[in-house]
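Undergrad: My structure is stored as entry.cif, with mmCIF, C-alpha atoms.
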data_my_file
#
loop_
_atom_site.group_PDB
_atom_site.id
_atom_site.type_symbol
_atom_site.label_atom_id
_atom_site.label_comp_id
_atom_site.auth_asym_id
_atom_site.auth_seq_id
_atom_site.Cartn_x
_atom_site.Cartn_y
_atom_site.Cartn_z
ATOM 1 C CA MET N 1358 -42.360 6.945 -8.361
ATOM 2 C CA SER N 1359 -42.920 10.095 -10.351
ATOM 3 C CA ARG N 1360 -40.539 11.228 -13.061
ATOM 4 C CA THR N 1361 -39.185 13.950 -10.745
ATOM 5 C CA GLU N 1362 -38.514 11.412 -7.993
ATOM 6 C CA ARG N 1363 -36.684 9.138 -10.426
ATOM 7 C CA ARG N 1364 -34.512 12.008 -11.627
ATOM 8 C CA ALA N 1365 -33.636 13.310 -8.157
ATOM 9 C CA PRO N 1366 -30.989 10.639 -7.311
ATOM 10 C CA TRP N 1367 -29.211 11.244 -10.618
ATOM 11 C CA LEU N 1368 -29.270 14.972 -9.945
ATOM 12 C CA PHE N 1369 -27.551 14.500 -6.584
ATOM 13 C CA LEU N 1370 -25.077 12.019 -8.097
ATOM 14 C CA SER N 1371 -24.271 14.216 -11.088
ATOM 15 C CA PRO N 1372 -21.332 16.148 -9.491
ATOM 16 C CA TRP N 1373 -19.571 12.867 -8.705
ATOM 17 C CA LEU N 1374 -20.455 11.347 -12.087
ATOM 18 C CA VAL N 1375 -19.087 14.374 -13.932
ATOM 19 C CA GLY N 1376 -15.951 14.395 -11.806
ATOM 20 C CA PHE N 1377 -15.431 10.668 -12.352
ATOM 21 C CA ALA N 1378 -15.865 10.989 -16.109
ATOM 22 C CA VAL N 1379 -13.579 14.023 -16.441
ATOM 23 C CA PHE N 1380 -10.847 13.215 -13.914
ATOM 24 C CA THR N 1381 -10.801 9.398 -13.740
ATOM 25 C CA ALA N 1382 -12.522 7.494 -16.541
ATOM 26 C CA GLY N 1383 -11.522 9.982 -19.243
ATOM 27 C CA PRO N 1384 -7.784 10.038 -18.402
ATOM 28 C CA MET N 1385 -7.784 6.235 -18.078
ATOM 29 C CA LEU N 1386 -9.205 5.806 -21.564
ATOM 30 C CA ILE N 1387 -6.756 8.340 -22.969
ATOM 31 C CA SER N 1388 -3.814 6.581 -21.301
ATOM 32 C CA LEU N 1389 -5.042 3.258 -22.705
ATOM 33 C CA TRP N 1390 -4.952 4.740 -26.186
ATOM 34 C CA LEU N 1391 -1.554 6.355 -25.565
ATOM 35 C CA SER N 1392 -0.146 2.975 -24.500
ATOM 36 C CA PHE N 1393 -0.382 1.940 -28.172
ATOM 37 C CA THR N 1394 1.450 5.035 -29.386
ATOM 38 C CA ARG N 1395 4.842 6.725 -29.339
ATOM 39 C CA TYR N 1396 4.225 10.109 -27.734
ATOM 40 C CA ASP N 1397 6.658 12.647 -26.248
ATOM 41 C CA MET N 1398 4.209 15.549 -25.613
ATOM 42 C CA LEU N 1399 6.123 17.626 -28.189
ATOM 43 C CA THR N 1400 5.007 15.935 -31.390
ATOM 44 C CA PRO N 1401 1.740 14.231 -32.369
ATOM 45 C CA ALA N 1402 1.250 10.685 -31.091
ATOM 46 C CA GLU N 1403 2.311 7.944 -33.512
ATOM 47 C CA PHE N 1404 0.461 4.628 -33.397
ATOM 48 C CA VAL N 1405 2.900 1.736 -32.833
ATOM 49 C CA GLY N 1406 0.514 -1.101 -31.955
ATOM 50 C CA THR N 1407 1.715 -3.391 -29.190
ATOM 51 C CA ASP N 1408 5.382 -2.348 -29.386
ATOM 52 C CA ASN N 1409 5.279 -0.736 -25.948
ATOM 53 C CA TYR N 1410 3.862 -3.878 -24.351
ATOM 54 C CA ARG N 1411 6.422 -6.082 -26.086
ATOM 55 C CA GLU N 1412 9.178 -3.853 -24.747
ATOM 56 C CA LEU N 1413 7.906 -4.451 -21.207
ATOM 57 C CA PHE N 1414 8.993 -8.081 -21.386
ATOM 58 C CA THR N 1415 12.525 -7.273 -22.570
ATOM 59 C CA ASP N 1416 13.268 -4.185 -20.468
ATOM 60 C CA PRO N 1417 15.528 -5.296 -17.560
ATOM 61 C CA LYS N 1418 14.571 -2.219 -15.561
ATOM 62 C CA VAL N 1419 10.946 -3.351 -15.519
ATOM 63 C CA ALA N 1420 11.915 -6.702 -14.010
ATOM 64 C CA THR N 1421 14.109 -4.970 -11.409
ATOM 65 C CA ALA N 1422 11.456 -2.412 -10.496
ATOM 66 C CA LEU N 1423 8.693 -5.014 -10.293
ATOM 67 C CA GLY N 1424 10.874 -7.312 -8.173
ATOM 68 C CA ASN N 1425 11.685 -4.497 -5.748
ATOM 69 C CA THR N 1426 8.011 -3.564 -5.521
ATOM 70 C CA LEU N 1427 6.888 -7.142 -4.862
ATOM 71 C CA PHE N 1428 9.608 -7.546 -2.203
ATOM 72 C CA PHE N 1429 8.464 -4.378 -0.469
ATOM 73 C CA THR N 1430 4.815 -5.474 -0.610
ATOM 74 C CA ALA N 1431 5.537 -8.991 0.666
ATOM 75 C CA ALA N 1432 7.453 -7.563 3.641
ATOM 76 C CA HIS N 1433 5.365 -4.492 4.393
ATOM 77 C CA VAL N 1434 1.840 -5.942 4.380
ATOM 78 C CA PRO N 1435 2.349 -8.839 6.881
ATOM 79 C CA LEU N 1436 4.427 -6.666 9.227
ATOM 80 C CA GLN N 1437 1.838 -3.872 9.053
ATOM 81 C CA ILE N 1438 -1.006 -6.282 9.824
ATOM 82 C CA VAL N 1439 0.731 -8.041 12.726
ATOM 83 C CA LEU N 1440 2.016 -4.838 14.327
ATOM 84 C CA ALA N 1441 -1.376 -3.152 13.940
ATOM 85 C CA LEU N 1442 -3.096 -6.108 15.643
ATOM 86 C CA VAL N 1443 -0.654 -5.964 18.549
ATOM 87 C CA LEU N 1444 -1.099 -2.224 18.967
ATOM 88 C CA ALA N 1445 -4.879 -2.491 18.709
ATOM 89 C CA GLY N 1446 -4.861 -5.135 21.440
ATOM 90 C CA LEU N 1447 -2.796 -2.838 23.678
ATOM 91 C CA LEU N 1448 -5.063 0.118 22.968
ATOM 92 C CA ARG N 1449 -8.070 -1.944 23.950
ATOM 93 C CA ARG N 1450 -6.553 -2.401 27.407
ATOM 94 C CA ALA N 1451 -5.544 1.241 27.805
ATOM 95 C CA GLY N 1452 -8.671 2.155 29.780
ATOM 96 C CA ARG N 1453 -9.367 5.854 30.269
ATOM 97 C CA ALA N 1454 -6.076 6.815 28.658
ATOM 98 C CA GLY N 1455 -7.116 5.074 25.438
ATOM 99 C CA GLY N 1456 -8.131 8.312 23.738
ATOM 100 C CA VAL N 1457 -4.725 9.889 24.345
ATOM 101 C CA PHE N 1458 -2.858 6.819 23.099
ATOM 102 C CA ARG N 1459 -5.087 6.560 20.014
ATOM 103 C CA THR N 1460 -4.306 10.169 19.168
ATOM 104 C CA LEU N 1461 -0.561 9.677 19.652
ATOM 105 C CA LEU N 1462 -0.619 6.511 17.563
ATOM 106 C CA TYR N 1463 -2.511 8.149 14.722
ATOM 107 C CA LEU N 1464 -0.531 11.405 14.601
ATOM 108 C CA PRO N 1465 2.328 9.952 12.489
ATOM 109 C CA VAL N 1466 -0.227 9.148 9.776
ATOM 110 C CA MET N 1467 -0.735 12.886 9.354
ATOM 111 C CA THR N 1468 2.967 13.451 8.587
ATOM 112 C CA PRO N 1469 3.449 14.590 4.962
ATOM 113 C CA PRO N 1470 5.264 11.880 2.957
ATOM 114 C CA VAL N 1471 8.068 14.261 1.922
ATOM 115 C CA ALA N 1472 8.715 15.252 5.539
ATOM 116 C CA LEU N 1473 8.607 11.586 6.548
ATOM 117 C CA ALA N 1474 11.214 10.718 3.907
ATOM 118 C CA ALA N 1475 13.494 13.546 5.067
ATOM 119 C CA LEU N 1476 13.103 12.428 8.691
ATOM 120 C CA PHE N 1477 13.991 8.813 7.986
ATOM 121 C CA LEU N 1478 16.902 9.829 5.772
ATOM 122 C CA LEU N 1479 18.393 11.233 8.973
ATOM 123 C CA LEU N 1480 17.287 8.382 11.242
ATOM 124 C CA LEU N 1481 18.661 5.715 8.879
ATOM 125 C CA ASN N 1482 22.019 7.404 8.354
ATOM 126 C CA GLY N 1483 24.674 4.699 8.755
ATOM 127 C CA GLN N 1484 27.085 6.896 10.711
ATOM 128 C CA THR N 1485 24.995 9.378 12.695
ATOM 129 C CA GLY N 1486 21.467 7.959 12.519
ATOM 130 C CA ALA N 1487 19.442 7.432 15.690
ATOM 131 C CA ILE N 1488 18.387 3.908 14.693
ATOM 132 C CA ASN N 1489 21.979 2.676 14.554
ATOM 133 C CA ASP N 1490 22.683 4.464 17.836
ATOM 134 C CA VAL N 1491 19.868 2.500 19.490
ATOM 135 C CA LEU N 1492 21.182 -0.751 18.009
ATOM 136 C CA GLY N 1493 24.604 0.132 19.418
ATOM 137 C CA TRP N 1494 23.148 0.232 22.933
ATOM 138 C CA PHE N 1495 22.457 -3.493 22.601
ATOM 139 C CA GLY N 1496 25.843 -4.329 21.121
ATOM 140 C CA PHE N 1497 24.784 -4.433 17.462
ATOM 141 C CA THR N 1498 26.517 -2.622 14.637
ATOM 142 C CA GLY N 1499 23.876 -1.070 12.442
ATOM 143 C CA PRO N 1500 24.124 -1.334 8.653
ATOM 144 C CA ASN N 1501 24.352 1.481 6.145
ATOM 145 C CA TRP N 1502 20.621 1.680 5.533
ATOM 146 C CA THR N 1503 20.766 4.317 2.804
ATOM 147 C CA THR N 1504 23.904 3.293 0.893
ATOM 148 C CA ASP N 1505 24.168 -0.489 1.190
ATOM 149 C CA PRO N 1506 22.017 -2.024 -1.598
ATOM 150 C CA ALA N 1507 21.250 -5.033 0.610
ATOM 151 C CA TRP N 1508 19.682 -2.827 3.299
ATOM 152 C CA ILE N 1509 17.893 -0.150 1.274
ATOM 153 C CA LYS N 1510 14.621 -2.082 0.857
ATOM 154 C CA PRO N 1511 14.538 -3.330 4.495
ATOM 155 C CA GLY N 1512 15.071 0.290 5.563
ATOM 156 C CA LEU N 1513 12.145 1.411 3.446
ATOM 157 C CA VAL N 1514 9.995 -1.355 4.925
ATOM 158 C CA LEU N 1515 10.984 -0.179 8.415
ATOM 159 C CA MET N 1516 10.047 3.375 7.476
ATOM 160 C CA SER N 1517 6.670 2.241 6.120
ATOM 161 C CA LEU N 1518 5.652 0.991 9.567
ATOM 162 C CA TRP N 1519 5.620 4.594 10.776
ATOM 163 C CA THR N 1520 2.032 4.900 9.521
ATOM 164 C CA VAL N 1521 0.747 1.724 11.182
ATOM 165 C CA GLY N 1522 -1.608 3.830 13.305
ATOM 166 C CA SER N 1523 -4.339 4.018 10.666
ATOM 167 C CA THR N 1524 -4.592 0.228 10.426
ATOM 168 C CA ALA N 1525 -4.366 -0.157 14.214
ATOM 169 C CA VAL N 1526 -7.317 2.205 14.752
ATOM 170 C CA ILE N 1527 -9.391 0.190 12.262
ATOM 171 C CA TYR N 1528 -8.548 -3.028 14.114
ATOM 172 C CA LEU N 1529 -9.401 -1.415 17.438
ATOM 173 C CA ALA N 1530 -12.869 -0.630 16.134
ATOM 174 C CA ALA N 1531 -13.244 -4.235 14.953
ATOM 175 C CA LEU N 1532 -12.042 -5.670 18.280
ATOM 176 C CA THR N 1533 -14.578 -3.654 20.247
ATOM 177 C CA ARG N 1534 -17.370 -5.296 18.210
ATOM 178 C CA VAL N 1535 -16.417 -8.852 19.161
ATOM 179 C CA PRO N 1536 -19.157 -10.096 21.539
ATOM 180 C CA PRO N 1537 -17.629 -10.540 25.026
ATOM 181 C CA GLU N 1538 -19.787 -13.606 25.666
ATOM 182 C CA LEU N 1539 -17.732 -15.496 23.067
ATOM 183 C CA TYR N 1540 -14.589 -14.893 25.122
ATOM 184 C CA GLU N 1541 -16.412 -15.920 28.285
ATOM 185 C CA ALA N 1542 -17.589 -19.157 26.702
ATOM 186 C CA ALA N 1543 -14.113 -19.946 25.383
ATOM 187 C CA GLU N 1544 -12.561 -19.231 28.780
ATOM 188 C CA LEU N 1545 -15.078 -21.507 30.504
ATOM 189 C CA ASP N 1546 -14.093 -24.242 28.057
ATOM 190 C CA GLY N 1547 -10.476 -23.845 29.135
ATOM 191 C CA ALA N 1548 -9.193 -22.132 25.981
ATOM 192 C CA SER N 1549 -5.780 -20.513 26.340
ATOM 193 C CA PRO N 1550 -5.250 -16.848 25.327
ATOM 194 C CA TRP N 1551 -3.746 -17.984 22.006
ATOM 195 C CA ARG N 1552 -6.710 -20.273 21.278
ATOM 196 C CA ARG N 1553 -9.142 -17.488 22.144
ATOM 197 C CA PHE N 1554 -7.325 -15.229 19.710
ATOM 198 C CA ARG N 1555 -7.098 -17.937 17.033
ATOM 199 C CA HIS N 1556 -10.664 -19.261 17.245
ATOM 200 C CA VAL N 1557 -12.634 -16.230 18.473
ATOM 201 C CA THR N 1558 -10.869 -12.963 17.681
ATOM 202 C CA LEU N 1559 -9.478 -13.723 14.241
ATOM 203 C CA PRO N 1560 -12.696 -15.168 12.778
ATOM 204 C CA MET N 1561 -14.736 -12.268 14.134
ATOM 205 C CA ILE N 1562 -12.418 -9.596 12.688
ATOM 206 C CA SER N 1563 -11.442 -11.516 9.549
ATOM 207 C CA GLY N 1564 -13.560 -9.213 7.366
ATOM 208 C CA THR N 1565 -11.631 -6.191 8.644
ATOM 209 C CA VAL N 1566 -8.293 -7.973 8.200
ATOM 210 C CA TYR N 1567 -9.305 -8.871 4.650
ATOM 211 C CA PHE N 1568 -10.127 -5.235 3.891
ATOM 212 C CA THR N 1569 -6.836 -3.921 5.285
ATOM 213 C CA VAL N 1570 -4.814 -6.578 3.468
ATOM 214 C CA ILE N 1571 -6.296 -5.525 0.125
ATOM 215 C CA VAL N 1572 -5.924 -1.793 0.804
ATOM 216 C CA ASN N 1573 -2.339 -2.102 2.060
ATOM 217 C CA THR N 1574 -1.387 -4.390 -0.820
ATOM 218 C CA ILE N 1575 -2.662 -1.941 -3.421
ATOM 219 C CA ALA N 1576 -0.929 0.970 -1.671
ATOM 220 C CA SER N 1577 2.355 -0.962 -1.385
ATOM 221 C CA LEU N 1578 2.353 -1.840 -5.078
ATOM 222 C CA GLN N 1579 2.135 1.892 -5.815
ATOM 223 C CA VAL N 1580 4.844 3.046 -3.378
ATOM 224 C CA PHE N 1581 6.524 6.168 -4.725
ATOM 225 C CA THR N 1582 6.903 9.378 -2.724
ATOM 226 C CA GLU N 1583 9.108 8.350 0.197
ATOM 227 C CA ALA N 1584 11.492 6.240 -1.878
ATOM 228 C CA TYR N 1585 11.744 8.894 -4.589
ATOM 229 C CA VAL N 1586 12.514 11.698 -2.124
ATOM 230 C CA MET N 1587 15.091 9.607 -0.270
ATOM 231 C CA PHE N 1588 16.985 8.017 -3.137
ATOM 232 C CA TYR N 1589 16.460 10.050 -6.318
ATOM 233 C CA GLY N 1590 17.910 13.511 -6.688
ATOM 234 C CA ASN N 1591 19.834 13.022 -3.425
ATOM 235 C CA ALA N 1592 23.595 13.232 -4.039
ATOM 236 C CA GLN N 1593 24.503 11.251 -0.909
ATOM 237 C CA THR N 1594 22.354 8.234 -1.762
ATOM 238 C CA GLU N 1595 22.413 8.431 -5.563
ATOM 239 C CA ALA N 1596 25.692 6.570 -5.988
ATOM 240 C CA GLY N 1597 25.078 3.676 -3.611
ATOM 241 C CA ARG N 1598 21.549 2.600 -4.311
ATOM 242 C CA ASP N 1599 22.305 0.354 -7.361
ATOM 243 C CA ASP N 1600 18.605 0.374 -8.383
ATOM 244 C CA SER N 1601 17.702 -1.197 -5.042
ATOM 245 C CA ALA N 1602 15.172 1.582 -4.460
ATOM 246 C CA LEU N 1603 13.862 1.560 -8.033
ATOM 247 C CA PHE N 1604 10.196 0.804 -7.507
ATOM 248 C CA TYR N 1605 7.754 0.308 -10.349
ATOM 249 C CA VAL N 1606 5.977 3.657 -10.099
ATOM 250 C CA ILE N 1607 9.312 5.457 -9.831
ATOM 251 C CA TYR N 1608 10.436 3.869 -13.105
ATOM 252 C CA LEU N 1609 7.072 4.774 -14.640
ATOM 253 C CA PHE N 1610 7.585 8.376 -13.511
ATOM 254 C CA GLN N 1611 11.096 8.453 -14.978
ATOM 255 C CA GLN N 1612 9.873 7.206 -18.333
ATOM 256 C CA ALA N 1613 6.973 9.679 -18.416
ATOM 257 C CA PHE N 1614 8.597 12.889 -17.168
ATOM 258 C CA GLY N 1615 12.316 12.146 -17.437
ATOM 259 C CA SER N 1616 12.480 10.534 -20.878
ATOM 260 C CA LEU N 1617 9.139 11.961 -22.107
ATOM 261 C CA ARG N 1618 8.054 8.494 -23.246
ATOM 262 C CA MET N 1619 4.386 8.941 -22.430
ATOM 263 C CA GLY N 1620 3.290 6.010 -24.577
ATOM 264 C CA TYR N 1621 5.643 3.591 -22.850
ATOM 265 C CA ALA N 1622 4.768 5.030 -19.430
ATOM 266 C CA SER N 1623 1.068 4.489 -20.184
ATOM 267 C CA ALA N 1624 1.815 0.859 -21.053
ATOM 268 C CA LEU N 1625 3.696 0.527 -17.755
ATOM 269 C CA ALA N 1626 0.698 1.965 -15.920
ATOM 270 C CA TRP N 1627 -1.732 -0.478 -17.507
ATOM 271 C CA ALA N 1628 0.613 -3.396 -16.827
ATOM 272 C CA LEU N 1629 0.627 -2.402 -13.154
ATOM 273 C CA PHE N 1630 -3.166 -2.182 -13.261
ATOM 274 C CA VAL N 1631 -3.291 -5.783 -14.515
ATOM 275 C CA VAL N 1632 -0.854 -6.955 -11.808
ATOM 276 C CA ILE N 1633 -2.900 -5.272 -9.071
ATOM 277 C CA ALA N 1634 -6.129 -6.720 -10.494
ATOM 278 C CA LEU N 1635 -4.682 -10.250 -10.558
ATOM 279 C CA ILE N 1636 -3.327 -10.045 -7.011
ATOM 280 C CA THR N 1637 -6.640 -8.618 -5.773
ATOM 281 C CA ALA N 1638 -8.549 -11.399 -7.554
ATOM 282 C CA LEU N 1639 -6.391 -14.003 -5.801
ATOM 283 C CA GLN N 1640 -7.052 -12.330 -2.452
ATOM 284 C CA VAL N 1641 -10.795 -12.258 -3.139
ATOM 285 C CA ARG N 1642 -10.716 -15.944 -4.020
ATOM 286 C CA ALA N 1643 -8.792 -16.793 -0.845
ATOM 287 C CA SER N 1644 -11.259 -14.763 1.225
ATOM 288 C CA ARG N 1645 -14.045 -17.230 0.445
ATOM 289 C CA ARG N 1646 -12.339 -19.780 2.705
ATOM 290 C CA LEU N 1647 -10.680 -17.500 5.240
ATOM 291 C CA VAL N 1648 -13.105 -14.648 5.854
ATOM 292 C CA HIS N 1649 -16.074 -15.029 8.182
ATOM 293 C CA TYR N 1650 -18.978 -12.614 8.100
ATOM 294 C CA GLU N 1651 -21.322 -12.474 11.070
ATOM 295 C CA GLY N 1652 -24.647 -14.122 10.337
ATOM 296 C CA GLU N 1653 -23.623 -15.939 7.166
ATOM 297 C CA ALA N 1654 -24.359 -19.647 6.831
ATOM 298 C CA ARG N 1655 -21.445 -22.094 7.059
#
Any chance you could give the structure as structure tokens?
TA:
Amino acid sequence: MSRTERRAPWLFLSPWLVGFAVFTAGPMLISLWLSFTRYDMLTPAEFVGTDNYRELFTDPKVATALGNTLFFTAAHVPLQIVLALVLAGLLRRAGRAGGVFRTLLYLPVMTPPVALAALFLLLLNGQTGAINDVLGWFGFTGPNWTTDPAWIKPGLVLMSLWTVGSTAVIYLAALTRVPPELYEAAELDGASPWRRFRHVTLPMISGTVYFTVIVNTIASLQVFTEAYVMFYGNAQTEAGRDDSALFYVIYLFQQAFGSLRMGYASALAWALFVVIALITALQVRASRRLVHYEGEAR
């Protein structure tokens, strides 16, 4: 290759490389340095060593926020995956109306998070909410989703399933790529529908499931907008939440822009980065046994 040909790829990549350096890598390095300082944006940063990281292990709010975040993630991700698989299976059998149903299923994903939070604040109202009204039709008394600390996180998990359409559409694409002859062979061998799903469908879409598990896990560990809009700055829910809706990123936001403790907030951000990296590494390790890629040797 000539020198011009070797330079051409870098020329086309340069806008992204510059953007990455200025808007991603640069701020990350600055926040890493700030995590070792005491900085309030009003006075020069003061180097304090590892004091911010030591405070992480003694701050009770960090333990509460991290526990709430892990609870939300552990509930949201499996429910999102299972419900998306069910919906994808139904969409696959929708026939000519599949396009309409796909559109209707995906539309909620386009709802702005702030509007979604406002909507579910009304739906989850313990006295006049539609969800409790529906439960009443079946003889159940609905809880106070937005004021009872025991039901705040389950309510947020329920709200998070509103955007299941994006995952369902991904699974639908994966299901359409499963060779039909595998189902025919399994049916000829007398395999039940559950066995066909367990031994044919799941292995063939395991790569897609693995991808969505990682993406949804990372997103769940960074949950912020909906919970913040619903439970912070809202007079009706402020008194009853008892830190039940205090997620990790919300606490990080409070420390950064409420208390102006940018150094401590940067340490919180890097601690979350480490937690996400560890959880992702465990998922990658588990994928070596559970994920099947077409054409790979076994």
Undergrad: Between N:Leu1427, N:Ala1613, N:Met1516, N:Val1557, which has the minimum distance to N:Val1535 (counting all atoms listed in the file)?
TA: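 Going through N:Leu1427, N:Ala1613, N:Met1516, N:Val1557 one by one, the smallest distance to N:Val1535 is for N:Val1557.
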Undergrad: Which residues of stretch 1378-1435 of chain N come within 8 Å of stretch 1622-1638 of chain N, and for each one, what is the closest pair of atoms and their distance in Å to one decimal, counting all atoms listed in the file, sorted by chain and residue number, as a Markdown table?
TA:
| residue | atom | partner | partner_atom | distance |
| --- | --- | --- | --- | --- |
| N:Ser1388 | CA | N:Ser1623 | CA | 5.4 |
| N:Leu1389 | CA | N:Ser1623 | CA | 6.7 |
| N:Leu1391 | CA | N:Ser1623 | CA | 6.3 |
| N:Ser1392 | CA | N:Ala1624 | CA | 4.5 |
| N:Phe1393 | CA | N:Ala1624 | CA | 7.5 |
| N:Asn1409 | CA | N:Ala1624 | CA | 6.2 |
| N:Tyr1410 | CA | N:Ala1624 | CA | 6.1 |
| N:Leu1413 | CA | N:Leu1625 | CA | 7.4 |
Undergrad: Which residue gives the smallest distance to N:Val1586 among N:Trp1508, N:Phe1477, N:Trp1390, N:Tyr1463, with all atoms listed in the file counted?
TA: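 The answer is N:Phe1477, which sits nearest to N:Val1586.
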Undergrad: Taking the file above as input, evaluate the PyMOL selection byres ((chain N and resi 1422) around 9) and report the hits as a PyMOL selection string.
TA: chain N and resi 1417-1421+1423-1427+1600-1608
Undergrad: Counting all atoms listed in the file, figure out which residue out of N:Ile1571, N:Leu1539, N:Leu1492, N:Leu1529 gets nearest to N:Thr1430.
TA: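 Among the listed residues, N:Ile1571 lies closest to N:Thr1430.
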Undergrad: Taking 3 positions as the minimum chain separation for residues in the same chain, which residues sit within 12 Å of N:Pro1435 when counting all atoms listed in the file? Answer as a PyMOL selection string.
TA: chain N and resi 1428-1432+1438-1442+1514+1517-1518+1521+1524+1566-1567+1569-1571+1573-1574+1577
Undergrad: Using only C-alpha atoms, please write the residues we just selected to a file, as an mmCIF file, keeping the file's coordinate frame.
TA:
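Now in again_7.cif:
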data_model
loop_
_atom_site.group_PDB
_atom_site.id
_atom_site.type_symbol
_atom_site.label_atom_id
_atom_site.label_comp_id
_atom_site.auth_asym_id
_atom_site.auth_seq_id
_atom_site.Cartn_x
_atom_site.Cartn_y
_atom_site.Cartn_z
ATOM 1 C CA PHE N 1428 9.608 -7.546 -2.203
ATOM 2 C CA PHE N 1429 8.464 -4.378 -0.469
ATOM 3 C CA THR N 1430 4.815 -5.474 -0.610
ATOM 4 C CA ALA N 1431 5.537 -8.991 0.666
ATOM 5 C CA ALA N 1432 7.453 -7.563 3.641
ATOM 6 C CA ILE N 1438 -1.006 -6.282 9.824
ATOM 7 C CA VAL N 1439 0.731 -8.041 12.726
ATOM 8 C CA LEU N 1440 2.016 -4.838 14.327
ATOM 9 C CA ALA N 1441 -1.376 -3.152 13.940
ATOM 10 C CA LEU N 1442 -3.096 -6.108 15.643
ATOM 11 C CA VAL N 1514 9.995 -1.355 4.925
ATOM 12 C CA SER N 1517 6.670 2.241 6.120
ATOM 13 C CA LEU N 1518 5.652 0.991 9.567
ATOM 14 C CA VAL N 1521 0.747 1.724 11.182
ATOM 15 C CA THR N 1524 -4.592 0.228 10.426
ATOM 16 C CA VAL N 1566 -8.293 -7.973 8.200
ATOM 17 C CA TYR N 1567 -9.305 -8.871 4.650
ATOM 18 C CA THR N 1569 -6.836 -3.921 5.285
ATOM 19 C CA VAL N 1570 -4.814 -6.578 3.468
ATOM 20 C CA ILE N 1571 -6.296 -5.525 0.125
ATOM 21 C CA ASN N 1573 -2.339 -2.102 2.060
ATOM 22 C CA THR N 1574 -1.387 -4.390 -0.820
ATOM 23 C CA SER N 1577 2.355 -0.962 -1.385
#
Undergrad: Provide the atom CA of N:Val1491 to atom CA of N:Asp1505 distance in Å, to one decimal place.
TA: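 Straight-line distance from atom CA of N:Val1491 to atom CA of N:Asp1505 works out to 19.0 Å.
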Undergrad: Check the smallest atom-to-atom distance from each of N:Leu1399, N:Ile1387, N:Val1405, N:Leu1476 to N:Ile1488 using all atoms listed in the file, then report the winner.
TA: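 The closest residue to N:Ile1488 is N:Leu1476.
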Undergrad: For stretch 1443-1451 of chain N, I'd like the enclosing box, axis-aligned and padded by 8 Å on every side, reported as AutoDock Vina command-line options with centre and edge lengths in Å to one decimal.
TA:
--center_x -4.4 --center_y -2.4 --center_z 23.2 --size_x 23.4 --size_y 23.2 --size_z 25.3
Undergrad: From the set N:Leu1532, N:Glu1583, N:Pro1560, N:Met1467, which residue has the shortest atom-to-atom contact distance to N:Arg1646, counting all atoms listed in the file?
TA: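 Between N:Leu1532, N:Glu1583, N:Pro1560, N:Met1467, the residue approaching N:Arg1646 most closely is N:Pro1560.
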Undergrad: Could you jot down the atom CA of N:Leu1647 to atom CA of N:Thr1558 separation for me, Å, one decimal place?
TA: 13.2 Å
